[in-house]
Amino acid sequence: MIFYLSCTGNTRWAAAEIAHRTGDTLVDITKTGQTTFAPEPGERIGFCFPVHGWRPPKLLRRFVANLDVRSAGGHYCYALCTAGDDIGEAVKILAGDLAAKGLRLDSAFSLIMPESYVGLPFMDVDSPENEARKKRRAAACLQEYISMIEENKVGEMHLDTGRWPRINSRVLGAFFTRYLITDNPFRVTVDKCVGCGACARACPVGNIVMDGGLPRWTHGGDCLACFACYHHCPHHAIEYGRRTKNKGQYFYK
């Protein structure tokens with residue numbers, strides 16, 4: 001059983017690769033209405049997610065807080081996260097959340113993937129060369145990680161935590177969570193938008209509705225600031241205030 005959250009597609013690709021090799025079932029946490037699960041004896045439990053602000057996404061943490069896994073302690077449990085750079089203490093934070101639910105994290109892995117967060121002035125997508133390089137490296141690493149998962153290896157911690165993991169996750173991450181995870185700055189450039197609805201379909205939390213042929217963000221507090229809407233717009237009609245002006249787009253293809 002692989003619980004996963006994906007926004008611009010990096011994690012969906014990784015989770016699907018794991019499922020293909022292991023035969024484990026994929027569970028998209030944005031689509032399942034379940035909170036109680038009863039894995040088969042010996043079934044693995046995996047958590048795959050993108051790192052947001054050096055932390056697990058708030059949606060994943062809420063899912064875990066409500067999760068009830070029957071006979072939780074009797075299953076091999078692992079995590080795999082994706083990020084454009086280092087992950088800080090994201091896995092450590094998730095491990096604490098899982099422990100509260102009776103799940104011990106046996107091994108964990110991170111994959112450096114093409115950058116998709118463009119919500120700060122100094123952050124943009126990778127160049128085509130860096131994007132291709134990251135994908136090649138991630139594909140090779142993932143196959144190694146899957147072999148470890150298939151063998152239920154314990155104590156394998158292959159994590160890109162960075163130089164200041166605690167500061168990034170606890171200090172900068174707290175600022176990110178409080179002030180930057182919001183849909184308030186999102187805007188649509190009316191003369192570019194064709195009303196195709198790609199942004200609404202791409203939003204993993206259903207935070208966009210089409211209103212009069214234009215996207216409208218609901219401002220209901222569910223936005224992950226993952227920029228899936230921005231990246232999937234075929235006409236580059238969505239901006240995040242002035243922070244995304246003249247920046248690139250990316251989603252996993």
# chains A, B, ... in the order shown; residues from 1 in each chain; ligands from 1

$ residues_around --residues "region 221-225 of chain A" --least-positions-apart "5" --cutoff "7 Å" --atoms "only C-alpha atoms" --output "list in words"
Ile181, Thr182, Asp183, Val205 and Asn207 of chain A

$ select_by_dssp --residues "region 151-233 of chain A" --states "helix (DSSP H, G or I)" --output "CSV table (one decimal) with all heavy atoms, in the first residue's frame"
chain,number,residue,atom,x,y,z
A,165,PRO,N,19.4,21.6,8.2
A,165,PRO,CA,18.1,21.0,8.2
A,165,PRO,C,17.1,21.5,9.3
A,165,PRO,O,15.9,21.8,9.0
A,165,PRO,CB,18.4,19.5,8.4
A,165,PRO,CG,19.7,19.5,9.0
A,165,PRO,CD,20.5,20.6,8.5
A,166,ARG,N,17.6,21.7,10.5
A,166,ARG,CA,16.7,22.2,11.5
A,166,ARG,C,16.2,23.6,11.3
A,166,ARG,O,15.1,23.9,11.5
A,166,ARG,CB,17.4,22.1,12.9
A,166,ARG,CG,16.4,22.4,14.1
A,166,ARG,CD,17.0,22.0,15.4
A,166,ARG,NE,16.0,22.3,16.5
A,166,ARG,CZ,15.0,21.5,16.8
A,166,ARG,NH1,14.8,20.3,16.1
A,166,ARG,NH2,14.1,21.8,17.7
A,167,ILE,N,17.2,24.5,11.0
A,167,ILE,CA,16.8,25.9,10.7
A,167,ILE,C,15.8,26.0,9.5
A,167,ILE,O,14.8,26.7,9.6
A,167,ILE,CB,18.1,26.7,10.4
A,167,ILE,CG1,18.9,26.9,11.7
A,167,ILE,CG2,17.7,28.1,9.9
A,167,ILE,CD1,20.2,27.6,11.5
A,168,ASN,N,16.1,25.2,8.5
A,168,ASN,CA,15.3,25.3,7.3
A,168,ASN,C,13.9,24.8,7.6
A,168,ASN,O,12.9,25.4,7.2
A,168,ASN,CB,15.9,24.4,6.1
A,168,ASN,CG,17.0,25.1,5.5
A,168,ASN,OD1,17.2,26.3,5.6
A,168,ASN,ND2,17.8,24.4,4.8
A,169,SER,N,13.7,23.7,8.3
A,169,SER,CA,12.4,23.1,8.6
A,169,SER,C,11.7,23.8,9.7
A,169,SER,O,10.5,24.0,9.6
A,169,SER,CB,12.6,21.6,8.9
A,169,SER,OG,13.0,20.9,7.7
A,170,ARG,N,12.4,24.1,10.8
A,170,ARG,CA,11.7,24.6,11.9
A,170,ARG,C,11.5,26.1,11.9
A,170,ARG,O,10.5,26.6,12.3
A,170,ARG,CB,12.5,24.2,13.2
A,170,ARG,CG,12.9,22.8,13.3
A,170,ARG,CD,11.7,21.9,13.6
A,170,ARG,NE,12.1,20.5,13.5
A,170,ARG,CZ,11.3,19.5,14.0
A,170,ARG,NH1,10.1,19.7,14.5
A,170,ARG,NH2,11.8,18.2,13.9
A,171,VAL,N,12.5,26.9,11.3
A,171,VAL,CA,12.4,28.3,11.3
A,171,VAL,C,11.8,28.8,10.0
A,171,VAL,O,10.7,29.4,9.9
A,171,VAL,CB,13.7,29.0,11.6
A,171,VAL,CG1,13.6,30.5,11.6
A,171,VAL,CG2,14.3,28.5,13.0
A,172,LEU,N,12.5,28.5,8.9
A,172,LEU,CA,12.1,28.9,7.6
A,172,LEU,C,10.8,28.2,7.2
A,172,LEU,O,9.9,28.8,6.6
A,172,LEU,CB,13.1,28.7,6.5
A,172,LEU,CG,14.5,29.5,6.7
A,172,LEU,CD1,15.4,29.2,5.6
A,172,LEU,CD2,14.2,31.0,6.8
A,173,GLY,N,10.7,27.0,7.6
A,173,GLY,CA,9.5,26.2,7.3
A,173,GLY,C,8.3,26.7,8.0
A,173,GLY,O,7.2,26.7,7.4
A,174,ALA,N,8.4,27.2,9.2
A,174,ALA,CA,7.3,27.8,10.0
A,174,ALA,C,6.8,29.1,9.3
A,174,ALA,O,5.6,29.3,9.1
A,174,ALA,CB,7.7,28.1,11.4
A,175,PHE,N,7.8,29.9,8.8
A,175,PHE,CA,7.4,31.1,8.1
A,175,PHE,C,6.7,30.7,6.8
A,175,PHE,O,5.7,31.4,6.4
A,175,PHE,CB,8.7,31.9,7.8
A,175,PHE,CG,8.5,33.1,6.9
A,175,PHE,CD1,8.1,34.3,7.5
A,175,PHE,CD2,8.6,33.1,5.6
A,175,PHE,CE1,7.8,35.5,6.8
A,175,PHE,CE2,8.3,34.3,4.8
A,175,PHE,CZ,8.0,35.4,5.4
A,176,PHE,N,7.3,29.8,6.1
A,176,PHE,CA,6.7,29.3,4.8
A,176,PHE,C,5.2,28.9,5.0
A,176,PHE,O,4.3,29.3,4.3
A,176,PHE,CB,7.5,28.2,4.2
A,176,PHE,CG,7.1,27.7,2.9
A,176,PHE,CD1,7.6,28.2,1.7
A,176,PHE,CD2,6.1,26.7,2.8
A,176,PHE,CE1,7.2,27.7,0.5
A,176,PHE,CE2,5.7,26.2,1.6
A,176,PHE,CZ,6.2,26.7,0.4
A,177,THR,N,5.0,28.0,6.0
A,177,THR,CA,3.7,27.5,6.3
A,177,THR,C,2.7,28.6,6.7
A,177,THR,O,1.5,28.6,6.2
A,177,THR,CB,3.8,26.4,7.4
A,177,THR,OG1,4.6,25.4,7.0
A,177,THR,CG2,2.4,25.9,7.7
A,178,ARG,N,3.2,29.6,7.5
A,178,ARG,CA,2.3,30.6,8.0
A,178,ARG,C,1.9,31.6,6.9
A,178,ARG,O,0.8,32.1,6.8
A,178,ARG,CB,2.9,31.2,9.2
A,178,ARG,CG,1.9,32.3,9.8
A,178,ARG,CD,2.5,32.8,11.2
A,178,ARG,NE,1.6,33.7,11.8
A,178,ARG,CZ,1.8,34.3,13.0
A,178,ARG,NH1,2.9,34.0,13.7
A,178,ARG,NH2,0.9,35.1,13.5
A,179,TYR,N,2.9,32.0,6.1
A,179,TYR,CA,2.7,33.2,5.2
A,179,TYR,C,2.7,32.9,3.7
A,179,TYR,O,2.1,33.7,3.0
A,179,TYR,CB,3.8,34.2,5.5
A,179,TYR,CG,3.8,34.8,6.9
A,179,TYR,CD1,4.7,34.4,7.8
A,179,TYR,CD2,2.8,35.7,7.3
A,179,TYR,CE1,4.7,35.0,9.1
A,179,TYR,CE2,2.7,36.2,8.6
A,179,TYR,CZ,3.7,35.8,9.5
A,179,TYR,OH,3.7,36.3,10.7
A,180,LEU,N,3.3,31.8,3.3
A,180,LEU,CA,3.4,31.5,1.9
A,180,LEU,C,2.5,30.5,1.3
A,180,LEU,O,2.4,30.3,0.1
A,180,LEU,CB,4.9,31.2,1.5
A,180,LEU,CG,5.9,32.3,1.9
A,180,LEU,CD1,7.3,31.8,1.5
A,180,LEU,CD2,5.6,33.6,1.2
A,198,ALA,N,-7.7,23.6,-17.5
A,198,ALA,CA,-6.6,22.8,-17.2
A,198,ALA,C,-6.1,23.1,-15.7
A,198,ALA,O,-5.7,22.1,-15.0
A,198,ALA,CB,-5.4,23.0,-18.1
A,199,CYS,N,-6.1,24.3,-15.3
A,199,CYS,CA,-5.7,24.7,-14.0
A,199,CYS,C,-6.6,24.0,-12.9
A,199,CYS,O,-6.1,23.5,-11.9
A,199,CYS,CB,-5.7,26.2,-13.8
A,199,CYS,SG,-7.3,27.0,-14.2
A,200,ALA,N,-7.9,24.0,-13.1
A,200,ALA,CA,-8.8,23.4,-12.2
A,200,ALA,C,-8.6,21.9,-12.1
A,200,ALA,O,-8.6,21.3,-11.0
A,200,ALA,CB,-10.3,23.7,-12.5
A,201,ARG,N,-8.4,21.3,-13.2
A,201,ARG,CA,-8.2,19.8,-13.3
A,201,ARG,C,-6.8,19.5,-12.6
A,201,ARG,O,-6.7,18.4,-12.0
A,201,ARG,CB,-8.2,19.3,-14.7
A,201,ARG,CG,-9.6,19.4,-15.3
A,201,ARG,CD,-9.6,18.6,-16.7
A,201,ARG,NE,-8.7,19.2,-17.7
A,201,ARG,CZ,-9.0,20.1,-18.5
A,201,ARG,NH1,-10.2,20.7,-18.4
A,201,ARG,NH2,-8.2,20.6,-19.4
A,202,ALA,N,-5.8,20.3,-12.7
A,202,ALA,CA,-4.5,20.0,-12.1
A,202,ALA,C,-4.5,20.2,-10.6
A,202,ALA,O,-3.6,19.6,-10.0
A,202,ALA,CB,-3.5,20.9,-12.8
A,228,ALA,N,0.7,23.8,-9.1
A,228,ALA,CA,0.2,22.9,-10.2
A,228,ALA,C,-0.6,23.7,-11.2
A,228,ALA,O,-0.5,23.5,-12.4
A,228,ALA,CB,-0.6,21.8,-9.6
A,229,CYS,N,-1.5,24.6,-10.7
A,229,CYS,CA,-2.3,25.4,-11.7
A,229,CYS,C,-1.5,26.3,-12.6
A,229,CYS,O,-1.7,26.3,-13.8
A,229,CYS,CB,-3.3,26.2,-10.9
A,229,CYS,SG,-2.6,27.4,-9.6
A,230,TYR,N,-0.5,26.9,-12.0
A,230,TYR,CA,0.4,27.8,-12.8
A,230,TYR,C,1.1,27.0,-13.8
A,230,TYR,O,1.2,27.4,-15.0
A,230,TYR,CB,1.4,28.5,-11.8
A,230,TYR,CG,2.6,29.1,-12.5
A,230,TYR,CD1,2.5,30.4,-12.9
A,230,TYR,CD2,3.8,28.4,-12.6
A,230,TYR,CE1,3.6,31.0,-13.5
A,230,TYR,CE2,4.9,29.0,-13.2
A,230,TYR,CZ,4.8,30.3,-13.7
A,230,TYR,OH,5.9,30.8,-14.3
A,231,HIS,N,1.7,25.9,-13.4
A,231,HIS,CA,2.5,25.1,-14.4
A,231,HIS,C,1.7,24.4,-15.5
A,231,HIS,O,2.3,24.2,-16.6
A,231,HIS,CB,3.3,24.1,-13.6
A,231,HIS,CG,4.4,24.6,-12.7
A,231,HIS,ND1,5.5,25.3,-13.2
A,231,HIS,CD2,4.6,24.6,-11.4
A,231,HIS,CE1,6.3,25.7,-12.3
A,231,HIS,NE2,5.8,25.3,-11.1
A,232,HIS,N,0.5,24.0,-15.2
A,232,HIS,CA,-0.3,23.3,-16.2
A,232,HIS,C,-1.0,24.2,-17.2
A,232,HIS,O,-1.6,23.7,-18.1
A,232,HIS,CB,-1.3,22.4,-15.5
A,232,HIS,CG,-0.7,21.1,-15.0
A,232,HIS,ND1,0.0,21.0,-13.8
A,232,HIS,CD2,-0.6,19.9,-15.5
A,232,HIS,CE1,0.4,19.8,-13.6
A,232,HIS,NE2,0.1,19.0,-14.6

$ closest_residue --among "A:Lys134, A:Lys31, A:Arg187, A:Lys245" --to "Gly206 (chain A)" --atoms "only C-alpha atoms"
A:Lys31

$ closest_residue --among "A:Cys203, A:Ala99, A:Leu159, A:Leu142" --to "Thr218 (chain A)" --atoms "only C-alpha atoms"
A:Cys203

$ closest_residue --among "A:Asp191, A:Asp211, A:Asp160, A:Glu115" --to "Cys226 (chain A)" --atoms "only C-alpha atoms"
A:Glu115

$ atom_distance --atom1 "CA of Phe49 (chain A)" --atom2 "CA of Thr11 (chain A)"
5.9 Å

$ residues_around --residues "Val188 (chain A)" --least-positions-apart "2" --cutoff "8 Å" --atoms "only C-alpha atoms" --output "PyMOL selection string"
chain A and resi 186+190+193+214-215+237-239

$ residues_around --residues "Glu156 (chain A)" --least-positions-apart "3" --cutoff "7 Å" --atoms "only C-alpha atoms" --output "list in words"
Ser107, Ala108 and Lys153 of chain A

$ write_last_selection --atoms "N, CA, C and O atoms" --output "PDB file, in the first residue's frame"
ATOM      1  N   SER A 107      12.679   2.816   6.837  1.00  0.00           N
ATOM      2  CA  SER A 107      13.670   3.383   5.921  1.00  0.00           C
ATOM      3  C   SER A 107      13.048   4.584   5.218  1.00  0.00           C
ATOM      4  O   SER A 107      11.820   4.720   5.173  1.00  0.00           O
ATOM      5  N   ALA A 108      13.914   5.459   4.692  1.00  0.00           N
ATOM      6  CA  ALA A 108      13.401   6.646   4.009  1.00  0.00           C
ATOM      7  C   ALA A 108      14.377   7.090   2.935  1.00  0.00           C
ATOM      8  O   ALA A 108      15.593   6.903   3.053  1.00  0.00           O
ATOM      9  N   LYS A 153      14.349  -3.620   3.578  1.00  0.00           N
ATOM     10  CA  LYS A 153      15.566  -3.266   4.310  1.00  0.00           C
ATOM     11  C   LYS A 153      15.276  -2.182   5.343  1.00  0.00           C
ATOM     12  O   LYS A 153      14.595  -1.193   5.058  1.00  0.00           O
TER      13      LYS A 153
END

$ closest_residue --among "A:Ile93, A:Leu98, A:Ile146, A:Met123" --to "Ala15 (chain A)" --atoms "only C-alpha atoms"
A:Ile146

$ residues_around --residues "Ile87 (chain A)" --least-positions-apart "3" --cutoff "10 Å" --atoms "only C-alpha atoms" --output "CSV table (one decimal) with N, CA, C and O atoms, in the first residue's frame"
chain,number,residue,atom,x,y,z
A,50,PRO,N,5.8,15.2,-2.0
A,50,PRO,CA,6.7,16.3,-2.3
A,50,PRO,C,7.0,17.1,-1.0
A,50,PRO,O,6.1,17.2,-0.1
A,51,VAL,N,8.2,17.7,-0.9
A,51,VAL,CA,8.5,18.5,0.3
A,51,VAL,C,8.1,19.9,0.0
A,51,VAL,O,8.4,20.5,-1.1
A,52,HIS,N,7.4,20.5,0.9
A,52,HIS,CA,6.9,21.9,0.8
A,52,HIS,C,7.5,22.7,2.0
A,52,HIS,O,7.2,22.5,3.1
A,53,GLY,N,8.4,23.6,1.6
A,53,GLY,CA,9.0,24.5,2.7
A,53,GLY,C,9.8,23.6,3.7
A,53,GLY,O,9.7,23.9,4.9
A,54,TRP,N,10.5,22.6,3.2
A,54,TRP,CA,11.3,21.8,4.1
A,54,TRP,C,10.5,21.0,5.1
A,54,TRP,O,11.0,20.5,6.1
A,55,ARG,N,9.2,20.8,4.7
A,55,ARG,CA,8.3,20.0,5.6
A,55,ARG,C,7.4,19.1,4.8
A,55,ARG,O,7.2,19.4,3.6
A,56,PRO,N,6.8,18.1,5.4
A,56,PRO,CA,5.7,17.4,4.7
A,56,PRO,C,4.6,18.3,4.4
A,56,PRO,O,4.3,19.2,5.2
A,81,CYS,N,10.4,11.0,-0.5
A,81,CYS,CA,10.0,12.3,-0.8
A,81,CYS,C,10.7,12.9,-2.0
A,81,CYS,O,11.8,12.4,-2.3
A,82,THR,N,10.1,13.8,-2.7
A,82,THR,CA,10.8,14.5,-3.8
A,82,THR,C,10.9,16.0,-3.5
A,82,THR,O,10.1,16.6,-2.8
A,83,ALA,N,12.0,16.6,-4.0
A,83,ALA,CA,12.2,18.0,-3.8
A,83,ALA,C,13.1,18.5,-4.8
A,83,ALA,O,13.9,17.8,-5.5
A,84,GLY,N,13.1,19.8,-5.0
A,84,GLY,CA,13.9,20.5,-6.0
A,84,GLY,C,15.3,20.7,-5.5
A,84,GLY,O,16.3,20.9,-6.3
A,90,ALA,N,12.2,17.2,6.8
A,90,ALA,CA,10.8,16.8,6.4
A,90,ALA,C,10.5,15.3,6.8
A,90,ALA,O,9.4,15.0,7.3
A,91,VAL,N,11.5,14.4,6.6
A,91,VAL,CA,11.2,13.0,6.9
A,91,VAL,C,11.2,12.8,8.4
A,91,VAL,O,10.4,12.0,9.0
A,110,SER,N,15.1,10.2,-0.4
A,110,SER,CA,14.7,11.4,-1.1
A,110,SER,C,15.2,11.4,-2.5
A,110,SER,O,16.3,10.8,-2.8
A,111,LEU,N,14.5,12.1,-3.4
A,111,LEU,CA,14.9,12.2,-4.8
A,111,LEU,C,14.9,13.7,-5.1
A,111,LEU,O,13.9,14.4,-4.9
A,112,ILE,N,16.0,14.1,-5.7
A,112,ILE,CA,16.1,15.5,-6.1
A,112,ILE,C,15.6,15.5,-7.6
A,112,ILE,O,16.1,14.9,-8.5
A,159,LEU,N,18.9,10.4,2.4
A,159,LEU,CA,18.2,11.7,2.5
A,159,LEU,C,19.1,12.9,2.2
A,159,LEU,O,20.2,13.0,2.8
A,160,ASP,N,18.6,13.8,1.4
A,160,ASP,CA,19.3,15.1,1.1
A,160,ASP,C,18.9,16.1,2.1
A,160,ASP,O,18.0,17.0,1.7
A,161,THR,N,19.4,16.1,3.3
A,161,THR,CA,18.9,16.9,4.3
A,161,THR,C,19.4,18.4,4.2
A,161,THR,O,18.8,19.3,4.8
A,162,GLY,N,20.5,18.6,3.6
A,162,GLY,CA,21.1,19.9,3.4
A,162,GLY,C,22.0,20.3,4.6
A,162,GLY,O,22.2,19.5,5.6
A,164,TRP,N,21.6,23.0,6.8
A,164,TRP,CA,21.0,23.5,8.0
A,164,TRP,C,19.5,22.9,8.1
A,164,TRP,O,18.6,23.7,8.0
A,165,PRO,N,19.4,21.6,8.2
A,165,PRO,CA,18.1,21.0,8.2
A,165,PRO,C,17.1,21.5,9.3
A,165,PRO,O,15.9,21.8,9.0
A,168,ASN,N,16.1,25.2,8.5
A,168,ASN,CA,15.3,25.3,7.3
A,168,ASN,C,13.9,24.8,7.6
A,168,ASN,O,12.9,25.4,7.2
A,169,SER,N,13.7,23.7,8.3
A,169,SER,CA,12.4,23.1,8.6
A,169,SER,C,11.7,23.8,9.7
A,169,SER,O,10.5,24.0,9.6

$ atom_distance --atom1 "CA of Arg133 (chain A)" --atom2 "CA of Val118 (chain A)"
19.6 Å

$ closest_residue --among "A:Gly212, A:Gly33, A:Gly46, A:Pro41" --to "Ala16 (chain A)" --atoms "only C-alpha atoms"
A:Gly46

$ atom_distance --atom1 "CA of Arg136 (chain A)" --atom2 "CA of Pro57 (chain A)"
25.3 Å

$ closest_residue --among "A:Ala65, A:Met113, A:Met210, A:Ala72" --to "Ile45 (chain A)" --atoms "only C-alpha atoms"
A:Ala72

$ select_by_dssp --residues "region 180-233 of chain A" --states "strand (DSSP E or B)" --output "list in words"
Phe186, Arg187, Val188, Ile208, Val209, Met210, Asp211, Leu214, Pro215, Arg216 and Trp217 of chain A

$ write_last_selection --atoms "N, CA, C and O atoms" --output "PDB file, in the first residue's frame"
ATOM      1  N   PHE A 186      -2.716  34.463  -6.334  1.00  0.00           N
ATOM      2  CA  PHE A 186      -2.976  33.926  -7.675  1.00  0.00           C
ATOM      3  C   PHE A 186      -3.914  34.839  -8.463  1.00  0.00           C
ATOM      4  O   PHE A 186      -4.931  35.308  -7.949  1.00  0.00           O
ATOM      5  N   ARG A 187      -3.544  35.076  -9.711  1.00  0.00           N
ATOM      6  CA  ARG A 187      -4.331  35.912 -10.611  1.00  0.00           C
ATOM      7  C   ARG A 187      -4.356  35.268 -12.000  1.00  0.00           C
ATOM      8  O   ARG A 187      -3.444  34.533 -12.366  1.00  0.00           O
ATOM      9  N   VAL A 188      -5.387  35.581 -12.768  1.00  0.00           N
ATOM     10  CA  VAL A 188      -5.449  35.119 -14.144  1.00  0.00           C
ATOM     11  C   VAL A 188      -5.357  36.326 -15.071  1.00  0.00           C
ATOM     12  O   VAL A 188      -5.987  37.360 -14.833  1.00  0.00           O
ATOM     13  N   ILE A 208      -9.827  25.252  -7.183  1.00  0.00           N
ATOM     14  CA  ILE A 208     -10.148  26.168  -8.284  1.00  0.00           C
ATOM     15  C   ILE A 208     -11.467  25.747  -8.924  1.00  0.00           C
ATOM     16  O   ILE A 208     -11.682  24.565  -9.200  1.00  0.00           O
ATOM     17  N   VAL A 209     -12.333  26.715  -9.147  1.00  0.00           N
ATOM     18  CA  VAL A 209     -13.571  26.469  -9.887  1.00  0.00           C
ATOM     19  C   VAL A 209     -13.583  27.397 -11.099  1.00  0.00           C
ATOM     20  O   VAL A 209     -13.012  28.491 -11.071  1.00  0.00           O
ATOM     21  N   MET A 210     -14.216  26.950 -12.166  1.00  0.00           N
ATOM     22  CA  MET A 210     -14.365  27.786 -13.356  1.00  0.00           C
ATOM     23  C   MET A 210     -15.634  28.609 -13.198  1.00  0.00           C
ATOM     24  O   MET A 210     -16.722  28.067 -12.982  1.00  0.00           O
ATOM     25  N   ASP A 211     -15.480  29.893 -13.306  1.00  0.00           N
ATOM     26  CA  ASP A 211     -16.585  30.818 -13.084  1.00  0.00           C
ATOM     27  C   ASP A 211     -16.646  31.803 -14.252  1.00  0.00           C
ATOM     28  O   ASP A 211     -15.746  32.633 -14.407  1.00  0.00           O
ATOM     29  N   LEU A 214     -13.551  31.592 -16.477  1.00  0.00           N
ATOM     30  CA  LEU A 214     -12.259  31.943 -15.895  1.00  0.00           C
ATOM     31  C   LEU A 214     -12.066  31.199 -14.580  1.00  0.00           C
ATOM     32  O   LEU A 214     -13.040  30.911 -13.873  1.00  0.00           O
ATOM     33  N   PRO A 215     -10.813  30.876 -14.239  1.00  0.00           N
ATOM     34  CA  PRO A 215     -10.572  30.199 -12.962  1.00  0.00           C
ATOM     35  C   PRO A 215     -10.760  31.147 -11.786  1.00  0.00           C
ATOM     36  O   PRO A 215     -10.424  32.329 -11.863  1.00  0.00           O
ATOM     37  N   ARG A 216     -11.313  30.596 -10.708  1.00  0.00           N
ATOM     38  CA  ARG A 216     -11.462  31.364  -9.470  1.00  0.00           C
ATOM     39  C   ARG A 216     -10.977  30.502  -8.310  1.00  0.00           C
ATOM     40  O   ARG A 216     -11.429  29.374  -8.134  1.00  0.00           O
ATOM     41  N   TRP A 217     -10.032  31.031  -7.550  1.00  0.00           N
ATOM     42  CA  TRP A 217      -9.507  30.323  -6.389  1.00  0.00           C
ATOM     43  C   TRP A 217     -10.482  30.508  -5.243  1.00  0.00           C
ATOM     44  O   TRP A 217     -10.986  31.612  -4.998  1.00  0.00           O
TER      45      TRP A 217
END

$ residues_around --residues "Asp97 (chain A)" --least-positions-apart "2" --cutoff "12 Å" --atoms "only C-alpha atoms" --output "PyMOL selection string"
chain A and resi 47+55-56+58+60-67+90-95+99-105
